[in-house]
Amino acid sequence: MKRRSRPTRFWESLAVLIVKPLSLLLIKHIWRGGDFVPRAGGVIIAANHMSWTDPVLLSHYLYNNGRWPVILAKSGIFKVPVLGHIVAQLLAIPVHRGSTEATQSLKTAEQRLRDGGCVIFYPEGTITRDPDLWPMVGKTGVARLALSTGAPVIPVAHWGAHELLPYGEKKPRMFPRKTFRVLAGPPVDLSKYQGQPMRATVLREATADIMAAITAQLAEIRKEEAPGSPYDPKNTAQSE
(Lines give C-alpha, C1' and ligand atoms only; values in the text may rest on other atoms or scores of the structure.)
Protein backbone atom coordinates (compact mmCIF):
# COMPACT_ATOMS: atom_id res chain seq x y z
CA MET A 1 0.00 0.00 0.00
CA LYS A 2 1.38 3.36 -1.00
CA ARG A 3 1.82 5.79 1.88
CA ARG A 4 1.46 9.56 1.85
CA SER A 5 4.39 11.58 0.50
CA ARG A 6 3.11 14.81 2.08
CA PRO A 7 1.06 15.72 5.19
CA THR A 8 -2.67 16.17 5.36
CA ARG A 9 -3.95 19.52 4.12
CA PHE A 10 -4.44 20.79 7.68
CA TRP A 11 -0.86 20.14 8.83
CA GLU A 12 0.65 21.35 5.58
CA SER A 13 -1.35 24.57 5.72
CA LEU A 14 -0.39 25.12 9.36
CA ALA A 15 3.32 24.67 8.65
CA VAL A 16 3.19 27.01 5.65
CA LEU A 17 1.24 29.61 7.65
CA ILE A 18 4.00 29.67 10.29
CA VAL A 19 7.20 29.12 8.33
CA LYS A 20 6.67 31.08 5.14
CA PRO A 21 5.95 34.51 6.67
CA LEU A 22 8.85 34.15 9.14
CA SER A 23 11.22 33.14 6.37
CA LEU A 24 10.19 36.06 4.19
CA LEU A 25 10.45 38.46 7.13
CA LEU A 26 13.85 37.38 8.43
CA ILE A 27 15.68 36.43 5.25
CA LYS A 28 16.20 37.83 1.77
CA HIS A 29 16.14 35.04 -0.79
CA ILE A 30 18.23 34.49 -3.90
CA TRP A 31 17.02 31.14 -5.23
CA ARG A 32 18.29 29.52 -8.41
CA GLY A 33 18.16 26.11 -10.05
CA GLY A 34 14.59 25.28 -9.11
CA ASP A 35 13.99 23.78 -12.55
CA PHE A 36 16.28 20.90 -11.58
CA VAL A 37 13.94 19.84 -8.76
CA PRO A 38 11.52 17.21 -10.17
CA ARG A 39 7.90 18.12 -9.58
CA ALA A 40 6.91 14.52 -8.89
CA GLY A 41 8.44 11.19 -7.93
CA GLY A 42 10.95 10.16 -5.32
CA VAL A 43 13.96 12.47 -5.20
CA ILE A 44 16.95 12.92 -2.92
CA ILE A 45 17.95 16.49 -2.13
CA ALA A 46 21.62 16.33 -1.08
CA ALA A 47 22.72 19.55 0.58
CA ASN A 48 25.51 21.08 2.60
CA HIS A 49 24.81 21.71 6.28
CA MET A 50 25.86 24.96 7.97
CA SER A 51 23.30 25.89 10.62
CA TRP A 52 20.37 24.50 12.59
CA THR A 53 18.21 26.95 10.61
CA ASP A 54 19.03 25.71 7.12
CA PRO A 55 16.60 22.72 7.12
CA VAL A 56 13.68 25.12 7.54
CA LEU A 57 15.02 27.67 5.05
CA LEU A 58 15.79 24.95 2.51
CA SER A 59 12.31 23.51 3.03
CA HIS A 60 10.83 26.86 2.03
CA TYR A 61 12.89 26.75 -1.17
CA LEU A 62 11.66 23.25 -2.03
CA TYR A 63 8.05 24.06 -1.20
CA ASN A 64 8.28 27.08 -3.47
CA ASN A 65 9.32 24.65 -6.21
CA GLY A 66 6.31 22.42 -5.71
CA ARG A 67 7.69 19.77 -3.36
CA TRP A 68 6.91 18.88 0.22
CA PRO A 69 10.27 18.49 2.01
CA VAL A 70 10.73 15.39 4.15
CA ILE A 71 13.30 16.18 6.85
CA LEU A 72 15.37 13.84 9.00
CA ALA A 73 15.37 15.07 12.60
CA LYS A 74 16.92 13.91 15.87
CA SER A 75 14.71 11.32 17.56
CA GLY A 76 14.65 13.36 20.79
CA ILE A 77 12.51 16.02 19.10
CA PHE A 78 9.72 13.48 18.62
CA LYS A 79 9.56 12.98 22.39
CA VAL A 80 8.93 16.67 23.13
CA PRO A 81 5.26 17.28 24.04
CA VAL A 82 3.27 18.95 21.25
CA LEU A 83 6.35 19.59 19.10
CA GLY A 84 6.96 15.87 18.69
CA HIS A 85 3.40 15.33 17.49
CA ILE A 86 3.70 18.21 15.03
CA VAL A 87 6.95 17.06 13.40
CA ALA A 88 5.54 13.53 13.13
CA GLN A 89 2.44 14.87 11.35
CA LEU A 90 4.72 16.78 8.98
CA LEU A 91 6.25 13.39 8.01
CA ALA A 92 9.70 14.11 9.42
CA ILE A 93 11.87 11.02 9.92
CA PRO A 94 13.38 10.36 13.36
CA VAL A 95 17.11 9.68 13.41
CA HIS A 96 18.26 7.33 16.19
CA ARG A 97 21.97 7.89 16.60
CA GLY A 98 24.20 5.52 18.52
CA SER A 99 21.52 2.87 19.02
CA THR A 100 20.33 -0.40 17.51
CA GLU A 101 17.62 1.63 15.73
CA ALA A 102 20.16 3.79 13.88
CA THR A 103 19.45 2.13 10.52
CA GLN A 104 15.69 2.57 10.85
CA SER A 105 15.84 6.16 9.60
CA LEU A 106 17.38 5.00 6.31
CA LYS A 107 14.73 2.30 5.94
CA THR A 108 12.00 4.88 6.51
CA ALA A 109 13.66 7.28 4.08
CA GLU A 110 13.81 4.54 1.47
CA GLN A 111 10.07 3.95 1.87
CA ARG A 112 9.40 7.69 1.57
CA LEU A 113 11.37 7.74 -1.68
CA ARG A 114 9.50 4.74 -3.07
CA ASP A 115 6.26 6.52 -2.16
CA GLY A 116 7.33 9.52 -4.26
CA GLY A 117 8.65 11.74 -1.48
CA CYS A 118 11.23 14.53 -1.65
CA VAL A 119 13.74 13.77 1.11
CA ILE A 120 16.41 16.22 2.29
CA PHE A 121 19.72 14.62 3.21
CA TYR A 122 22.88 16.09 4.62
CA PRO A 123 25.54 13.60 3.49
CA GLU A 124 28.06 15.10 5.92
CA GLY A 125 25.87 13.84 8.77
CA THR A 126 26.31 17.02 10.79
CA ILE A 127 27.06 20.74 10.45
CA THR A 128 30.37 21.28 8.67
CA ARG A 129 33.46 21.66 10.79
CA ASP A 130 35.54 22.93 7.90
CA PRO A 131 37.21 26.16 9.06
CA ASP A 132 36.12 27.91 5.86
CA LEU A 133 32.64 26.33 5.84
CA TRP A 134 33.12 24.12 2.80
CA PRO A 135 31.40 20.71 2.72
CA MET A 136 33.22 17.90 4.50
CA VAL A 137 33.74 14.28 3.51
CA GLY A 138 30.30 12.66 3.20
CA LYS A 139 28.90 9.51 4.72
CA THR A 140 27.71 6.74 2.41
CA GLY A 141 24.04 6.47 3.41
CA VAL A 142 22.78 8.79 0.67
CA ALA A 143 24.70 6.94 -2.05
CA ARG A 144 23.34 3.62 -0.79
CA LEU A 145 19.76 4.92 -0.94
CA ALA A 146 20.24 6.41 -4.39
CA LEU A 147 21.64 3.19 -5.82
CA SER A 148 19.07 0.96 -4.14
CA THR A 149 16.01 3.04 -5.10
CA GLY A 150 17.12 4.65 -8.37
CA ALA A 151 15.95 8.03 -7.04
CA PRO A 152 17.78 10.99 -8.60
CA VAL A 153 20.17 12.93 -6.39
CA ILE A 154 19.84 16.70 -6.80
CA PRO A 155 22.85 18.57 -5.40
CA VAL A 156 21.76 21.72 -3.59
CA ALA A 157 24.15 24.24 -2.08
CA HIS A 158 23.19 27.16 0.11
CA TRP A 159 24.93 30.07 1.81
CA GLY A 160 23.71 32.50 4.46
CA ALA A 161 21.98 30.36 7.10
CA HIS A 162 25.19 30.41 9.14
CA GLU A 163 24.93 34.19 9.38
CA LEU A 164 21.43 33.96 10.84
CA LEU A 165 22.39 31.31 13.41
CA PRO A 166 26.09 30.41 13.55
CA TYR A 167 27.00 26.91 14.73
CA GLY A 168 27.24 26.78 18.51
CA GLU A 169 24.99 29.76 19.13
CA LYS A 170 21.42 29.60 20.40
CA LYS A 171 20.25 33.13 19.67
CA PRO A 172 19.71 34.12 16.02
CA ARG A 173 21.33 37.26 14.65
CA MET A 174 18.27 38.80 13.04
CA PHE A 175 19.72 42.22 12.25
CA PRO A 176 20.82 43.29 9.77
CA ARG A 177 18.60 41.12 7.58
CA LYS A 178 20.53 38.18 6.12
CA THR A 179 20.48 36.78 2.59
CA PHE A 180 19.92 33.07 1.95
CA ARG A 181 21.31 31.94 -1.39
CA VAL A 182 20.36 28.56 -2.86
CA LEU A 183 21.56 26.89 -6.04
CA ALA A 184 20.35 23.48 -7.23
CA GLY A 185 22.15 21.60 -9.96
CA PRO A 186 21.39 18.76 -12.38
CA PRO A 187 21.11 15.20 -11.00
CA VAL A 188 24.44 13.64 -10.03
CA ASP A 189 25.42 11.05 -12.62
CA LEU A 190 25.70 7.77 -10.73
CA SER A 191 25.09 5.55 -13.75
CA LYS A 192 28.55 3.96 -13.61
CA TYR A 193 27.74 2.53 -10.18
CA GLN A 194 24.37 1.05 -11.10
CA GLY A 195 24.36 -2.74 -11.00
CA GLN A 196 27.60 -2.94 -9.05
CA PRO A 197 27.71 -4.72 -5.68
CA MET A 198 27.21 -2.35 -2.74
CA ARG A 199 30.83 -2.59 -1.69
CA ALA A 200 32.38 0.05 0.54
CA THR A 201 34.63 1.28 -2.27
CA VAL A 202 31.67 1.76 -4.62
CA LEU A 203 29.67 3.63 -2.00
CA ARG A 204 32.62 5.87 -1.10
CA GLU A 205 33.24 6.77 -4.74
CA ALA A 206 29.55 7.52 -5.35
CA THR A 207 29.48 9.61 -2.17
CA ALA A 208 32.55 11.54 -3.32
CA ASP A 209 30.77 12.34 -6.60
CA ILE A 210 27.73 13.62 -4.70
CA MET A 211 29.84 15.80 -2.39
CA ALA A 212 31.84 17.14 -5.34
CA ALA A 213 28.61 18.23 -7.03
CA ILE A 214 27.39 20.02 -3.88
CA THR A 215 30.78 21.69 -3.46
CA ALA A 216 30.79 22.87 -7.07
CA GLN A 217 27.39 24.49 -6.55
CA LEU A 218 28.63 26.21 -3.40
CA ALA A 219 31.75 27.46 -5.16
CA GLU A 220 29.51 29.10 -7.75
CA ILE A 221 27.43 30.78 -5.04
CA ARG A 222 30.48 32.02 -3.16
CA LYS A 223 32.42 32.94 -6.31
CA GLU A 224 35.44 31.23 -4.78
CA GLU A 225 37.61 28.24 -5.58
CA ALA A 226 36.80 25.20 -3.45
CA PRO A 227 39.56 23.25 -1.67
CA GLY A 228 41.27 20.50 -3.63
CA SER A 229 40.04 17.87 -1.18
CA PRO A 230 37.18 17.99 1.34
CA TYR A 231 37.79 18.45 5.05
CA ASP A 232 37.84 15.17 6.97
CA PRO A 233 37.22 15.52 10.73
CA LYS A 234 38.87 12.13 11.24
CA ASN A 235 42.09 13.47 9.81
CA THR A 236 43.94 14.87 12.82
CA ALA A 237 46.41 16.73 10.60
CA GLN A 238 43.53 18.73 9.05
CA SER A 239 41.91 19.32 12.43
CA GLU A 240 45.00 20.91 13.97
# chains A, B, ... in the order shown; residues from 1 in each chain; ligands from 1
call {"tool": "residues_around", "arguments": {"residues": "A:Leu22", "least_positions_apart": "5", "cutoff": "12 Å", "atoms": "only C-alpha atoms", "output": "PyMOL selection string"}}
result
chain A and resi 15-17+27-28+53+56-57+60+174
call {"tool": "write_last_selection", "arguments": {"atoms": "N, CA and C atoms", "output": "short mmCIF file (atom, residue, chain, number, x, y, z; two decimals), in the first residue's frame"}}
result
data_model
loop_
_atom_site.label_atom_id
_atom_site.label_comp_id
_atom_site.auth_asym_id
_atom_site.auth_seq_id
_atom_site.Cartn_x
_atom_site.Cartn_y
_atom_site.Cartn_z
N ALA A 15 1.87 24.48 8.76
CA ALA A 15 3.32 24.67 8.65
C ALA A 15 3.64 25.85 7.73
N VAL A 16 2.95 25.92 6.60
CA VAL A 16 3.19 27.01 5.65
C VAL A 16 2.81 28.36 6.27
N LEU A 17 1.72 28.37 7.02
CA LEU A 17 1.24 29.61 7.65
C LEU A 17 2.27 30.15 8.64
N ILE A 27 14.65 36.77 6.22
CA ILE A 27 15.68 36.43 5.25
C ILE A 27 15.35 36.96 3.86
N LYS A 28 16.33 37.53 3.19
CA LYS A 28 16.20 37.83 1.77
C LYS A 28 16.60 36.58 1.00
N THR A 53 19.34 26.30 11.29
CA THR A 53 18.21 26.95 10.61
C THR A 53 18.07 26.51 9.15
N VAL A 56 14.94 24.39 7.71
CA VAL A 56 13.68 25.12 7.54
C VAL A 56 13.76 26.04 6.33
N LEU A 57 14.87 26.75 6.18
CA LEU A 57 15.02 27.67 5.05
C LEU A 57 15.07 26.92 3.72
N HIS A 60 11.60 25.80 2.69
CA HIS A 60 10.83 26.86 2.03
C HIS A 60 11.17 26.90 0.53
N MET A 174 19.32 38.39 13.99
CA MET A 174 18.27 38.80 13.04
C MET A 174 18.56 40.10 12.31
#
call {"tool": "closest_atom_pairs", "arguments": {"of": "stretch 49-95 of chain A", "to": "stretch 120-137 of chain A", "cutoff": "8 Å", "atoms": "only C-alpha atoms", "output": "CSV"}}
result
residue,atom,partner,partner_atom,distance
A:His49,CA,A:Ile127,CA,4.8
A:Met50,CA,A:Ile127,CA,5.0
A:Ser51,CA,A:Ile127,CA,6.4
A:Trp52,CA,A:Ile127,CA,8.0
A:Pro69,CA,A:Ile120,CA,6.6
A:Val70,CA,A:Ile120,CA,6.0
A:Ile71,CA,A:Ile120,CA,5.5
A:Leu72,CA,A:Ile120,CA,7.2
call {"tool": "select_by_dssp", "arguments": {"residues": "stretch 67-168 of chain A", "states": "strand (DSSP E)", "output": "MDAnalysis selection string"}}
result
chainID A and resid 69:70 72:74 93:95 118:121 153:159
call {"tool": "residues_around", "arguments": {"residues": "A:Cys118", "least_positions_apart": "2", "cutoff": "10 Å", "atoms": "only C-alpha atoms", "output": "ChimeraX atom specification"}}
result
/A:5-6,37-45,62,67-71,109,112-113,115-116,120-121,151
call {"tool": "write_last_selection", "arguments": {"atoms": "N, CA and C atoms", "output": "short mmCIF file (atom, residue, chain, number, x, y, z; two decimals), in the first residue's frame"}}
result
data_model
loop_
_atom_site.label_atom_id
_atom_site.label_comp_id
_atom_site.auth_asym_id
_atom_site.auth_seq_id
_atom_site.Cartn_x
_atom_site.Cartn_y
_atom_site.Cartn_z
N SER A 5 3.09 10.95 0.70
CA SER A 5 4.39 11.58 0.50
C SER A 5 4.38 13.03 0.98
N ARG A 6 3.21 13.48 1.49
CA ARG A 6 3.11 14.81 2.08
C ARG A 6 2.02 14.78 3.15
N VAL A 37 14.68 20.61 -9.76
CA VAL A 37 13.94 19.84 -8.76
C VAL A 37 12.72 19.20 -9.43
N PRO A 38 12.67 17.87 -9.54
CA PRO A 38 11.52 17.21 -10.17
C PRO A 38 10.23 17.55 -9.44
N ARG A 39 9.18 17.77 -10.19
CA ARG A 39 7.90 18.12 -9.58
C ARG A 39 7.14 16.92 -9.04
N ALA A 40 7.58 15.72 -9.37
CA ALA A 40 6.91 14.52 -8.89
C ALA A 40 7.92 13.38 -8.82
N GLY A 41 7.58 12.36 -8.04
CA GLY A 41 8.44 11.19 -7.93
C GLY A 41 9.46 11.31 -6.82
N GLY A 42 9.96 10.17 -6.37
CA GLY A 42 10.95 10.16 -5.32
C GLY A 42 12.22 10.86 -5.74
N VAL A 43 12.74 11.73 -4.88
CA VAL A 43 13.96 12.47 -5.20
C VAL A 43 14.74 12.73 -3.91
N ILE A 44 16.05 12.64 -4.03
CA ILE A 44 16.95 12.92 -2.92
C ILE A 44 17.53 14.32 -3.11
N ILE A 45 17.33 15.17 -2.13
CA ILE A 45 17.95 16.49 -2.13
C ILE A 45 19.19 16.40 -1.23
N LEU A 62 12.23 24.41 -1.35
CA LEU A 62 11.66 23.25 -2.03
C LEU A 62 10.15 23.38 -2.18
N ARG A 67 7.47 21.02 -4.07
CA ARG A 67 7.69 19.77 -3.36
C ARG A 67 7.53 19.92 -1.86
N TRP A 68 6.95 18.90 -1.23
CA TRP A 68 6.91 18.88 0.22
C TRP A 68 8.22 18.27 0.72
N PRO A 69 8.97 18.99 1.55
CA PRO A 69 10.27 18.49 2.01
C PRO A 69 10.13 17.53 3.19
N VAL A 70 10.68 16.35 3.05
CA VAL A 70 10.73 15.39 4.15
C VAL A 70 12.09 15.55 4.83
N ILE A 71 12.08 15.88 6.12
CA ILE A 71 13.30 16.18 6.85
C ILE A 71 13.63 15.05 7.82
N ALA A 109 13.39 6.38 5.21
CA ALA A 109 13.66 7.28 4.08
C ALA A 109 13.50 6.55 2.76
N ARG A 112 9.89 6.38 2.00
CA ARG A 112 9.40 7.69 1.57
C ARG A 112 9.75 7.93 0.10
N LEU A 113 10.96 7.56 -0.29
CA LEU A 113 11.37 7.74 -1.68
C LEU A 113 10.53 6.88 -2.62
N ASP A 115 7.62 5.97 -2.14
CA ASP A 115 6.26 6.52 -2.16
C ASP A 115 6.19 7.85 -2.90
N GLY A 116 7.33 8.29 -3.47
CA GLY A 116 7.33 9.52 -4.26
C GLY A 116 7.69 10.75 -3.49
N ILE A 120 15.19 15.43 2.13
CA ILE A 120 16.41 16.22 2.29
C ILE A 120 17.43 15.42 3.08
N PHE A 121 18.62 15.29 2.52
CA PHE A 121 19.72 14.62 3.21
C PHE A 121 20.92 15.54 3.32
N ALA A 151 16.41 6.64 -7.15
CA ALA A 151 15.95 8.03 -7.04
C ALA A 151 17.07 8.98 -7.46
#
call {"tool": "closest_residue", "arguments": {"among": "A:Ala219, A:Leu91, A:Pro197, A:Trp11", "to": "A:Gly117", "atoms": "only C-alpha atoms"}}
result
A:Leu91
call {"tool": "select_by_dssp", "arguments": {"residues": "stretch 62-221 of chain A", "states": "alpha helix (DSSP H)", "output": "JSON, numbers by chain"}}
result
{"A": [62, 63, 64, 83, 84, 85, 86, 87, 88, 89, 104, 105, 106, 107, 108, 109, 110, 111, 112, 113, 114, 141, 142, 143, 144, 145, 146, 147, 148, 149, 161, 162, 163, 164, 200, 201, 202, 203, 204, 205, 206, 207, 208, 209, 210, 211, 212, 213, 214, 215, 216, 217, 218, 219, 220, 221]}
call {"tool": "atom_distance", "arguments": {"atom1": "atom CA of A:Val153", "atom2": "atom CA of A:Lys192"}}
result
14.2 Å
call {"tool": "residues_around", "arguments": {"residues": "A:Thr215", "least_positions_apart": "4", "cutoff": "9 Å", "atoms": "only C-alpha atoms", "output": "ChimeraX atom specification"}}
result
/A:48,134-135,155,157,210-211,219-220,226,230
call {"tool": "atom_distance", "arguments": {"atom1": "atom CA of A:Glu12", "atom2": "atom CA of A:Gln89"}}
result
8.9 Å
call {"tool": "closest_residue", "arguments": {"among": "A:Asp35, A:Asp232, A:Asp189, A:Glu163", "to": "A:Asp209", "atoms": "only C-alpha atoms"}}
result
A:Asp189
call {"tool": "atom_distance", "arguments": {"atom1": "atom CA of A:Leu24", "atom2": "atom CA of A:His158"}}
result
16.3 Å
call {"tool": "residues_around", "arguments": {"residues": "A:Thr103", "least_positions_apart": "6", "cutoff": "12 Å", "atoms": "only C-alpha atoms", "output": "list in words"}}
result
Ile93, Pro94, Val95, His96, Arg97, Ala109, Glu110, Gly141 and Leu145 of chain A
call {"tool": "closest_residue", "arguments": {"among": "A:Gln196, A:Ser23, A:Asn235, A:Thr8", "to": "A:Arg144", "atoms": "only C-alpha atoms"}}
result
A:Gln196
call {"tool": "closest_residue", "arguments": {"among": "A:Glu169, A:Lys223, A:Leu164, A:Ala146", "to": "A:Gln194", "atoms": "only C-alpha atoms"}}
result
A:Ala146
call {"tool": "decode", "arguments": {"residues": "stretch 70-106 of chain A", "atoms": "N, CA and C atoms", "output": "PDB file, in the first residue's frame"}}
result
ATOM      1  N   VAL A  70      10.675  16.349   3.051  1.00  0.00           N
ATOM      2  CA  VAL A  70      10.729  15.390   4.152  1.00  0.00           C
ATOM      3  C   VAL A  70      12.087  15.548   4.826  1.00  0.00           C
ATOM      4  N   ILE A  71      12.079  15.885   6.120  1.00  0.00           N
ATOM      5  CA  ILE A  71      13.302  16.180   6.853  1.00  0.00           C
ATOM      6  C   ILE A  71      13.634  15.049   7.816  1.00  0.00           C
ATOM      7  N   LEU A  72      14.907  14.756   7.967  1.00  0.00           N
ATOM      8  CA  LEU A  72      15.371  13.839   8.997  1.00  0.00           C
ATOM      9  C   LEU A  72      15.725  14.670  10.227  1.00  0.00           C
ATOM     10  N   ALA A  73      15.170  14.306  11.374  1.00  0.00           N
ATOM     11  CA  ALA A  73      15.374  15.072  12.602  1.00  0.00           C
ATOM     12  C   ALA A  73      15.770  14.147  13.746  1.00  0.00           C
ATOM     13  N   LYS A  74      16.498  14.690  14.713  1.00  0.00           N
ATOM     14  CA  LYS A  74      16.915  13.907  15.869  1.00  0.00           C
ATOM     15  C   LYS A  74      15.700  13.299  16.564  1.00  0.00           C
ATOM     16  N   SER A  75      15.844  12.041  16.965  1.00  0.00           N
ATOM     17  CA  SER A  75      14.714  11.322  17.561  1.00  0.00           C
ATOM     18  C   SER A  75      14.195  11.992  18.820  1.00  0.00           C
ATOM     19  N   GLY A  76      15.070  12.701  19.553  1.00  0.00           N
ATOM     20  CA  GLY A  76      14.646  13.361  20.785  1.00  0.00           C
ATOM     21  C   GLY A  76      13.550  14.380  20.566  1.00  0.00           C
ATOM     22  N   ILE A  77      13.535  15.012  19.385  1.00  0.00           N
ATOM     23  CA  ILE A  77      12.511  16.024  19.097  1.00  0.00           C
ATOM     24  C   ILE A  77      11.118  15.405  19.120  1.00  0.00           C
ATOM     25  N   PHE A  78      11.019  14.145  18.696  1.00  0.00           N
ATOM     26  CA  PHE A  78       9.717  13.478  18.621  1.00  0.00           C
ATOM     27  C   PHE A  78       9.159  13.151  20.005  1.00  0.00           C
ATOM     28  N   LYS A  79       9.994  13.259  21.023  1.00  0.00           N
ATOM     29  CA  LYS A  79       9.560  12.980  22.394  1.00  0.00           C
ATOM     30  C   LYS A  79       9.112  14.240  23.132  1.00  0.00           C
ATOM     31  N   VAL A  80       9.324  15.402  22.513  1.00  0.00           N
ATOM     32  CA  VAL A  80       8.929  16.667  23.132  1.00  0.00           C
ATOM     33  C   VAL A  80       7.416  16.831  23.002  1.00  0.00           C
ATOM     34  N   PRO A  81       6.716  17.102  24.115  1.00  0.00           N
ATOM     35  CA  PRO A  81       5.262  17.280  24.040  1.00  0.00           C
ATOM     36  C   PRO A  81       4.869  18.341  23.006  1.00  0.00           C
ATOM     37  N   VAL A  82       3.829  18.083  22.291  1.00  0.00           N
ATOM     38  CA  VAL A  82       3.265  18.953  21.253  1.00  0.00           C
ATOM     39  C   VAL A  82       4.189  19.012  20.035  1.00  0.00           C
ATOM     40  N   LEU A  83       5.430  19.475  20.228  1.00  0.00           N
ATOM     41  CA  LEU A  83       6.350  19.592  19.099  1.00  0.00           C
ATOM     42  C   LEU A  83       6.575  18.241  18.437  1.00  0.00           C
ATOM     43  N   GLY A  84       6.740  17.202  19.243  1.00  0.00           N
ATOM     44  CA  GLY A  84       6.961  15.872  18.691  1.00  0.00           C
ATOM     45  C   GLY A  84       5.808  15.409  17.821  1.00  0.00           C
ATOM     46  N   HIS A  85       4.588  15.709  18.278  1.00  0.00           N
ATOM     47  CA  HIS A  85       3.403  15.332  17.488  1.00  0.00           C
ATOM     48  C   HIS A  85       3.365  16.101  16.178  1.00  0.00           C
ATOM     49  N   ILE A  86       3.735  17.372  16.230  1.00  0.00           N
ATOM     50  CA  ILE A  86       3.696  18.206  15.031  1.00  0.00           C
ATOM     51  C   ILE A  86       4.684  17.714  13.987  1.00  0.00           C
ATOM     52  N   VAL A  87       5.939  17.481  14.387  1.00  0.00           N
ATOM     53  CA  VAL A  87       6.946  17.059  13.402  1.00  0.00           C
ATOM     54  C   VAL A  87       6.599  15.686  12.822  1.00  0.00           C
ATOM     55  N   ALA A  88       5.962  14.833  13.640  1.00  0.00           N
ATOM     56  CA  ALA A  88       5.536  13.533  13.129  1.00  0.00           C
ATOM     57  C   ALA A  88       4.444  13.700  12.070  1.00  0.00           C
ATOM     58  N   GLN A  89       3.512  14.613  12.312  1.00  0.00           N
ATOM     59  CA  GLN A  89       2.442  14.866  11.352  1.00  0.00           C
ATOM     60  C   GLN A  89       2.970  15.488  10.067  1.00  0.00           C
ATOM     61  N   LEU A  90       4.117  16.169  10.168  1.00  0.00           N
ATOM     62  CA  LEU A  90       4.724  16.782   8.981  1.00  0.00           C
ATOM     63  C   LEU A  90       5.598  15.790   8.222  1.00  0.00           C
ATOM     64  N   LEU A  91       5.558  14.515   8.665  1.00  0.00           N
ATOM     65  CA  LEU A  91       6.249  13.390   8.007  1.00  0.00           C
ATOM     66  C   LEU A  91       7.766  13.432   8.148  1.00  0.00           C
ATOM     67  N   ALA A  92       8.260  14.145   9.156  1.00  0.00           N
ATOM     68  CA  ALA A  92       9.699  14.108   9.419  1.00  0.00           C
ATOM     69  C   ALA A  92      10.100  12.696   9.837  1.00  0.00           C
ATOM     70  N   ILE A  93      11.359  12.358   9.618  1.00  0.00           N
ATOM     71  CA  ILE A  93      11.868  11.021   9.916  1.00  0.00           C
ATOM     72  C   ILE A  93      12.786  11.094  11.130  1.00  0.00           C
ATOM     73  N   PRO A  94      12.505  10.331  12.186  1.00  0.00           N
ATOM     74  CA  PRO A  94      13.381  10.362  13.364  1.00  0.00           C
ATOM     75  C   PRO A  94      14.706   9.653  13.086  1.00  0.00           C
ATOM     76  N   VAL A  95      15.775  10.261  13.559  1.00  0.00           N
ATOM     77  CA  VAL A  95      17.112   9.682  13.415  1.00  0.00           C
ATOM     78  C   VAL A  95      17.580   9.224  14.792  1.00  0.00           C
ATOM     79  N   HIS A  96      17.804   7.917  14.925  1.00  0.00           N
ATOM     80  CA  HIS A  96      18.258   7.334  16.186  1.00  0.00           C
ATOM     81  C   HIS A  96      19.760   7.110  16.093  1.00  0.00           C
ATOM     82  N   ARG A  97      20.519   8.009  16.671  1.00  0.00           N
ATOM     83  CA  ARG A  97      21.971   7.891  16.604  1.00  0.00           C
ATOM     84  C   ARG A  97      22.511   7.079  17.766  1.00  0.00           C
ATOM     85  N   GLY A  98      23.527   6.273  17.470  1.00  0.00           N
ATOM     86  CA  GLY A  98      24.201   5.524  18.520  1.00  0.00           C
ATOM     87  C   GLY A  98      23.329   4.484  19.186  1.00  0.00           C
ATOM     88  N   SER A  99      22.375   3.903  18.448  1.00  0.00           N
ATOM     89  CA  SER A  99      21.521   2.866  19.020  1.00  0.00           C
ATOM     90  C   SER A  99      21.290   1.778  17.988  1.00  0.00           C
ATOM     91  N   THR A 100      20.632   0.712  18.424  1.00  0.00           N
ATOM     92  CA  THR A 100      20.331  -0.399  17.511  1.00  0.00           C
ATOM     93  C   THR A 100      19.304   0.006  16.463  1.00  0.00           C
ATOM     94  N   GLU A 101      18.634   1.143  16.671  1.00  0.00           N
ATOM     95  CA  GLU A 101      17.624   1.627  15.727  1.00  0.00           C
ATOM     96  C   GLU A 101      18.200   2.630  14.731  1.00  0.00           C
ATOM     97  N   ALA A 102      19.530   2.767  14.712  1.00  0.00           N
ATOM     98  CA  ALA A 102      20.157   3.794  13.882  1.00  0.00           C
ATOM     99  C   ALA A 102      19.859   3.618  12.404  1.00  0.00           C
ATOM    100  N   THR A 103      19.705   2.365  11.947  1.00  0.00           N
ATOM    101  CA  THR A 103      19.453   2.127  10.524  1.00  0.00           C
ATOM    102  C   THR A 103      17.992   2.321  10.143  1.00  0.00           C
ATOM    103  N   GLN A 104      17.109   2.460  11.154  1.00  0.00           N
ATOM    104  CA  GLN A 104      15.686   2.574  10.853  1.00  0.00           C
ATOM    105  C   GLN A 104      15.369   3.832  10.062  1.00  0.00           C
ATOM    106  N   SER A 105      16.116   4.914  10.317  1.00  0.00           N
ATOM    107  CA  SER A 105      15.843   6.157   9.598  1.00  0.00           C
ATOM    108  C   SER A 105      16.081   5.986   8.104  1.00  0.00           C
ATOM    109  N   LEU A 106      17.127   5.234   7.730  1.00  0.00           N
ATOM    110  CA  LEU A 106      17.384   5.000   6.309  1.00  0.00           C
ATOM    111  C   LEU A 106      16.298   4.121   5.686  1.00  0.00           C
TER     112      LEU A 106
END
